[in-house]
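Read the structure below first, then the notes.
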There are 2 protein chains.
Amino acid sequence: MMGMNPRQMKKLMRQMGIKMEELEGVEEVIIRMENKEIVLKEPVITIITAQGEKSYQIVPGSEEVRAIVRVSEEDVQLVMEQTGVDYETAKKALEEANGDLAEAILKLTEE
Amino acid sequence: MMGMNPRQMKKLMRQMGIKMEELEGVEEVIIRMENKEIVLKEPVITIITAQGEKSYQIVPGSEEVRAIVRVSEEDVQLVMEQTGVDYETAKKALEEANGDLAEAILKLTEE
């Protein structure tokens with residue numbers, strides 16, 4: 001496979017009944033795991049169909065791992081009440097504080 | 001490639017300097033585009049490293065296409081004020097109504 005140019009590769013693929021097409025217009029790909037997510041930025045995605053099975057081949061331009069912090073609705077409401085900020089700001093502060101209520105409130109009142 | 005068993009395939013890959021490893025613990029993969037997202041459920045993901053380039057090969061168990069509806073913070077606040085529901089409920093109603101303010105309020109007050 002390594003010594004082949006893209007045209008030869010494509011021809012061989014066609015002969016083997018494999019269809020490849022690029023998926024255009026993708027902004028990013030998010031791989032969600034339990035406590036983190038891997039974000040693939042500027043991805044080049046090829047959809048490959050072989051013997052009725054579809055698969056996605058993704059080559060990322062760059063990637064980033066983000067921790068997933070789950071904050072409760074109650075905590076968001078409490079931060080809003082204590083600091084007077086709106087929902088999105090309260091939620092963001094909680095996420096940045098890793099769910100720590102006191103830290104989120106302190107940070108918002110200090111600003 | 002087609003007539004090879006997985007062990008032969010792996011050996012050949014190793015000889016060509018290609019590393020393959022499965023990524024465990026993935027809940028779902030989201031391919032974000034401008035107006036929609038493709039959700040790959042129960043995905044089997046293989047990370048392939050060849051000649052320094054990393055790629056992700058994903059075989060989805062099933063897939064779903066969701067429209068992305070962007071709702072503004074102002075509309076969410078308005079729905080909350082008009083109907084007395086909390087933020088998440090207001091946002092969800094707006095998304096389900098495709099961003100239509102009147103429809104979201106009507107639906108929430110009818111319930």
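Please note that chains go A, B, ... in the order of the structure tokens, that every chain numbers its residues from 1, and that ligands are numbered from 1 in the order shown.
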List the neighbours of stretch 37-48 of chain A out to 6 Å using only C-alpha atoms; skip same-chain residues closer than 2 positions along the sequence, and give me the result as a PDB file with N, CA, C and O atoms, in the first residue's frame.
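Result file result26.pdb:
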ATOM      1  N   LYS A  19     -15.850   1.716  -1.828  1.00  0.00           N
ATOM      2  CA  LYS A  19     -16.213   3.070  -2.241  1.00  0.00           C
ATOM      3  C   LYS A  19     -15.702   4.068  -1.206  1.00  0.00           C
ATOM      4  O   LYS A  19     -15.856   3.864  -0.010  1.00  0.00           O
ATOM      5  N   MET A  20     -15.026   5.109  -1.688  1.00  0.00           N
ATOM      6  CA  MET A  20     -14.519   6.119  -0.769  1.00  0.00           C
ATOM      7  C   MET A  20     -15.045   7.481  -1.184  1.00  0.00           C
ATOM      8  O   MET A  20     -14.992   7.831  -2.356  1.00  0.00           O
ATOM      9  N   GLU A  21     -15.557   8.238  -0.222  1.00  0.00           N
ATOM     10  CA  GLU A  21     -15.934   9.615  -0.562  1.00  0.00           C
ATOM     11  C   GLU A  21     -15.644  10.538   0.614  1.00  0.00           C
ATOM     12  O   GLU A  21     -15.780  10.159   1.770  1.00  0.00           O
ATOM     13  N   GLU A  22     -15.217  11.762   0.267  1.00  0.00           N
ATOM     14  CA  GLU A  22     -14.876  12.699   1.331  1.00  0.00           C
ATOM     15  C   GLU A  22     -16.138  13.368   1.859  1.00  0.00           C
ATOM     16  O   GLU A  22     -17.051  13.679   1.110  1.00  0.00           O
ATOM     17  N   LEU A  23     -16.204  13.555   3.178  1.00  0.00           N
ATOM     18  CA  LEU A  23     -17.323  14.265   3.798  1.00  0.00           C
ATOM     19  C   LEU A  23     -16.908  15.724   3.968  1.00  0.00           C
ATOM     20  O   LEU A  23     -15.974  16.027   4.710  1.00  0.00           O
ATOM     21  N   GLU A  28     -15.847  20.125  13.331  1.00  0.00           N
ATOM     22  CA  GLU A  28     -15.003  19.358  14.243  1.00  0.00           C
ATOM     23  C   GLU A  28     -15.670  18.032  14.571  1.00  0.00           C
ATOM     24  O   GLU A  28     -16.860  17.841  14.329  1.00  0.00           O
ATOM     25  N   VAL A  29     -14.866  17.134  15.099  1.00  0.00           N
ATOM     26  CA  VAL A  29     -15.374  15.831  15.508  1.00  0.00           C
ATOM     27  C   VAL A  29     -15.130  15.704  17.001  1.00  0.00           C
ATOM     28  O   VAL A  29     -14.037  16.002  17.493  1.00  0.00           O
ATOM     29  N   ILE A  30     -16.159  15.290  17.728  1.00  0.00           N
ATOM     30  CA  ILE A  30     -16.024  15.133  19.173  1.00  0.00           C
ATOM     31  C   ILE A  30     -16.188  13.659  19.535  1.00  0.00           C
ATOM     32  O   ILE A  30     -17.203  13.048  19.225  1.00  0.00           O
ATOM     33  N   ILE A  31     -15.162  13.102  20.153  1.00  0.00           N
ATOM     34  CA  ILE A  31     -15.226  11.714  20.619  1.00  0.00           C
ATOM     35  C   ILE A  31     -15.549  11.771  22.109  1.00  0.00           C
ATOM     36  O   ILE A  31     -14.718  12.185  22.914  1.00  0.00           O
ATOM     37  N   ARG A  32     -16.780  11.409  22.447  1.00  0.00           N
ATOM     38  CA  ARG A  32     -17.223  11.532  23.837  1.00  0.00           C
ATOM     39  C   ARG A  32     -16.952  10.271  24.640  1.00  0.00           C
ATOM     40  O   ARG A  32     -17.422   9.196  24.296  1.00  0.00           O
ATOM     41  N   MET A  33     -16.204  10.439  25.733  1.00  0.00           N
ATOM     42  CA  MET A  33     -15.954   9.334  26.652  1.00  0.00           C
ATOM     43  C   MET A  33     -16.610   9.724  27.977  1.00  0.00           C
ATOM     44  O   MET A  33     -17.256  10.764  28.068  1.00  0.00           O
ATOM     45  N   LYS A  54     -19.957   0.412   6.567  1.00  0.00           N
ATOM     46  CA  LYS A  54     -19.549   1.803   6.419  1.00  0.00           C
ATOM     47  C   LYS A  54     -18.578   2.150   7.534  1.00  0.00           C
ATOM     48  O   LYS A  54     -18.793   1.801   8.695  1.00  0.00           O
ATOM     49  N   SER A  55     -17.490   2.821   7.198  1.00  0.00           N
ATOM     50  CA  SER A  55     -16.605   3.300   8.254  1.00  0.00           C
ATOM     51  C   SER A  55     -16.138   4.707   7.937  1.00  0.00           C
ATOM     52  O   SER A  55     -16.174   5.149   6.787  1.00  0.00           O
ATOM     53  N   TYR A  56     -15.750   5.423   8.967  1.00  0.00           N
ATOM     54  CA  TYR A  56     -15.287   6.796   8.829  1.00  0.00           C
ATOM     55  C   TYR A  56     -13.800   6.824   9.127  1.00  0.00           C
ATOM     56  O   TYR A  56     -13.363   6.347  10.178  1.00  0.00           O
ATOM     57  N   GLN A  57     -13.015   7.372   8.218  1.00  0.00           N
ATOM     58  CA  GLN A  57     -11.594   7.529   8.483  1.00  0.00           C
ATOM     59  C   GLN A  57     -11.329   9.021   8.682  1.00  0.00           C
ATOM     60  O   GLN A  57     -11.643   9.834   7.832  1.00  0.00           O
ATOM     61  N   ILE A  58     -10.798   9.357   9.825  1.00  0.00           N
ATOM     62  CA  ILE A  58     -10.616  10.771  10.162  1.00  0.00           C
ATOM     63  C   ILE A  58      -9.150  11.091  10.405  1.00  0.00           C
ATOM     64  O   ILE A  58      -8.500  10.468  11.232  1.00  0.00           O
ATOM     65  N   VAL A  59      -8.634  12.069   9.676  1.00  0.00           N
ATOM     66  CA  VAL A  59      -7.277  12.560   9.917  1.00  0.00           C
ATOM     67  C   VAL A  59      -7.421  13.972  10.478  1.00  0.00           C
ATOM     68  O   VAL A  59      -7.845  14.889   9.783  1.00  0.00           O
ATOM     69  N   PRO A  60      -7.112  14.142  11.766  1.00  0.00           N
ATOM     70  CA  PRO A  60      -7.291  15.458  12.381  1.00  0.00           C
ATOM     71  C   PRO A  60      -6.144  16.407  12.059  1.00  0.00           C
ATOM     72  O   PRO A  60      -4.998  15.987  11.928  1.00  0.00           O
ATOM     73  N   GLY A  61      -6.500  17.699  11.902  1.00  0.00           N
ATOM     74  CA  GLY A  61      -5.460  18.718  11.769  1.00  0.00           C
ATOM     75  C   GLY A  61      -4.736  18.878  13.093  1.00  0.00           C
ATOM     76  O   GLY A  61      -3.522  18.943  13.160  1.00  0.00           O
ATOM     77  N   SER A  62      -5.510  18.929  14.156  1.00  0.00           N
ATOM     78  CA  SER A  62      -4.951  18.951  15.502  1.00  0.00           C
ATOM     79  C   SER A  62      -5.993  18.349  16.431  1.00  0.00           C
ATOM     80  O   SER A  62      -7.132  18.140  16.031  1.00  0.00           O
ATOM     81  N   GLU A  63      -5.586  18.050  17.659  1.00  0.00           N
ATOM     82  CA  GLU A  63      -6.577  17.519  18.589  1.00  0.00           C
ATOM     83  C   GLU A  63      -6.392  18.050  19.991  1.00  0.00           C
ATOM     84  O   GLU A  63      -5.305  18.506  20.358  1.00  0.00           O
ATOM     85  N   GLU A  64      -7.476  18.022  20.746  1.00  0.00           N
ATOM     86  CA  GLU A  64      -7.476  18.593  22.086  1.00  0.00           C
ATOM     87  C   GLU A  64      -8.290  17.675  22.987  1.00  0.00           C
ATOM     88  O   GLU A  64      -9.328  17.177  22.575  1.00  0.00           O
ATOM     89  N   VAL A  65      -7.802  17.440  24.195  1.00  0.00           N
ATOM     90  CA  VAL A  65      -8.564  16.629  25.145  1.00  0.00           C
ATOM     91  C   VAL A  65      -9.166  17.557  26.190  1.00  0.00           C
ATOM     92  O   VAL A  65      -8.477  18.384  26.769  1.00  0.00           O
ATOM     93  N   ARG A  66     -10.489  17.480  26.361  1.00  0.00           N
ATOM     94  CA  ARG A  66     -11.170  18.314  27.351  1.00  0.00           C
ATOM     95  C   ARG A  66     -11.803  17.427  28.404  1.00  0.00           C
ATOM     96  O   ARG A  66     -12.420  16.418  28.081  1.00  0.00           O
TER      97      ARG A  66
END
Taking the DSSP assignment computed from this structure's backbone, write out as a PyMOL selection string all residues of chain B that belong to strand (DSSP E). chain B and resi 18-23+26-33+36-41+44-50+53-59+62-67
Atom CA of A:Asn98 sits from atom CA of A:Val69 at a separation of 6.1 Å
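Proximity of B:Arg70, B:Lys91, B:Lys107, B:Arg7 to chain A, computed with only C-alpha atoms, is greatest for B:Lys91.
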Which parts of chain A does DSSP call helix (DSSP H, G or I) when run on the backbone here, written out as a ChimeraX atom specification? /A:6-15,73-83,87-96,101-110
Counting only C-alpha atoms, what is within 7 Å of stretch 72-79 of chain A, bar same-chain residues fewer than 5 positions away, as a ChimeraX atom specification? /A:87,90-91,101,105
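Atom pair atom CA of A:Ile18 / atom CA of B:Ala67 has a distance of 29.3 Å (rounded to one decimal).
For the pair atom CA of A:Met16 and atom CA of B:Leu12, the separation is 18.8 Å.
For the choices A:Val26, A:Met9, A:Leu106, A:Met4, the atom-to-atom distance to chain B is smallest for A:Val26 when using only C-alpha atoms.
Closest approach to chain B among A:Ala104, A:Gln8, A:Ala93, A:Glu34 is made by A:Glu34 (distances from only C-alpha atoms).
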Residue nearest chain B among A:Gln82, A:Gln15, A:Thr109, A:Asn5 (counting only C-alpha atoms): A:Gln15
Choose the residue, out of A:Pro6, A:Gly84, A:Gly25, A:Gly52, that has the smallest atom-to-atom separation from chain B; count only C-alpha atoms. A:Gly25
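Each of B:Val85, B:Leu94, B:Ala50, B:Ala102 was checked against chain A using only C-alpha atoms; the smallest atom-to-atom distance is that of B:Ala50.
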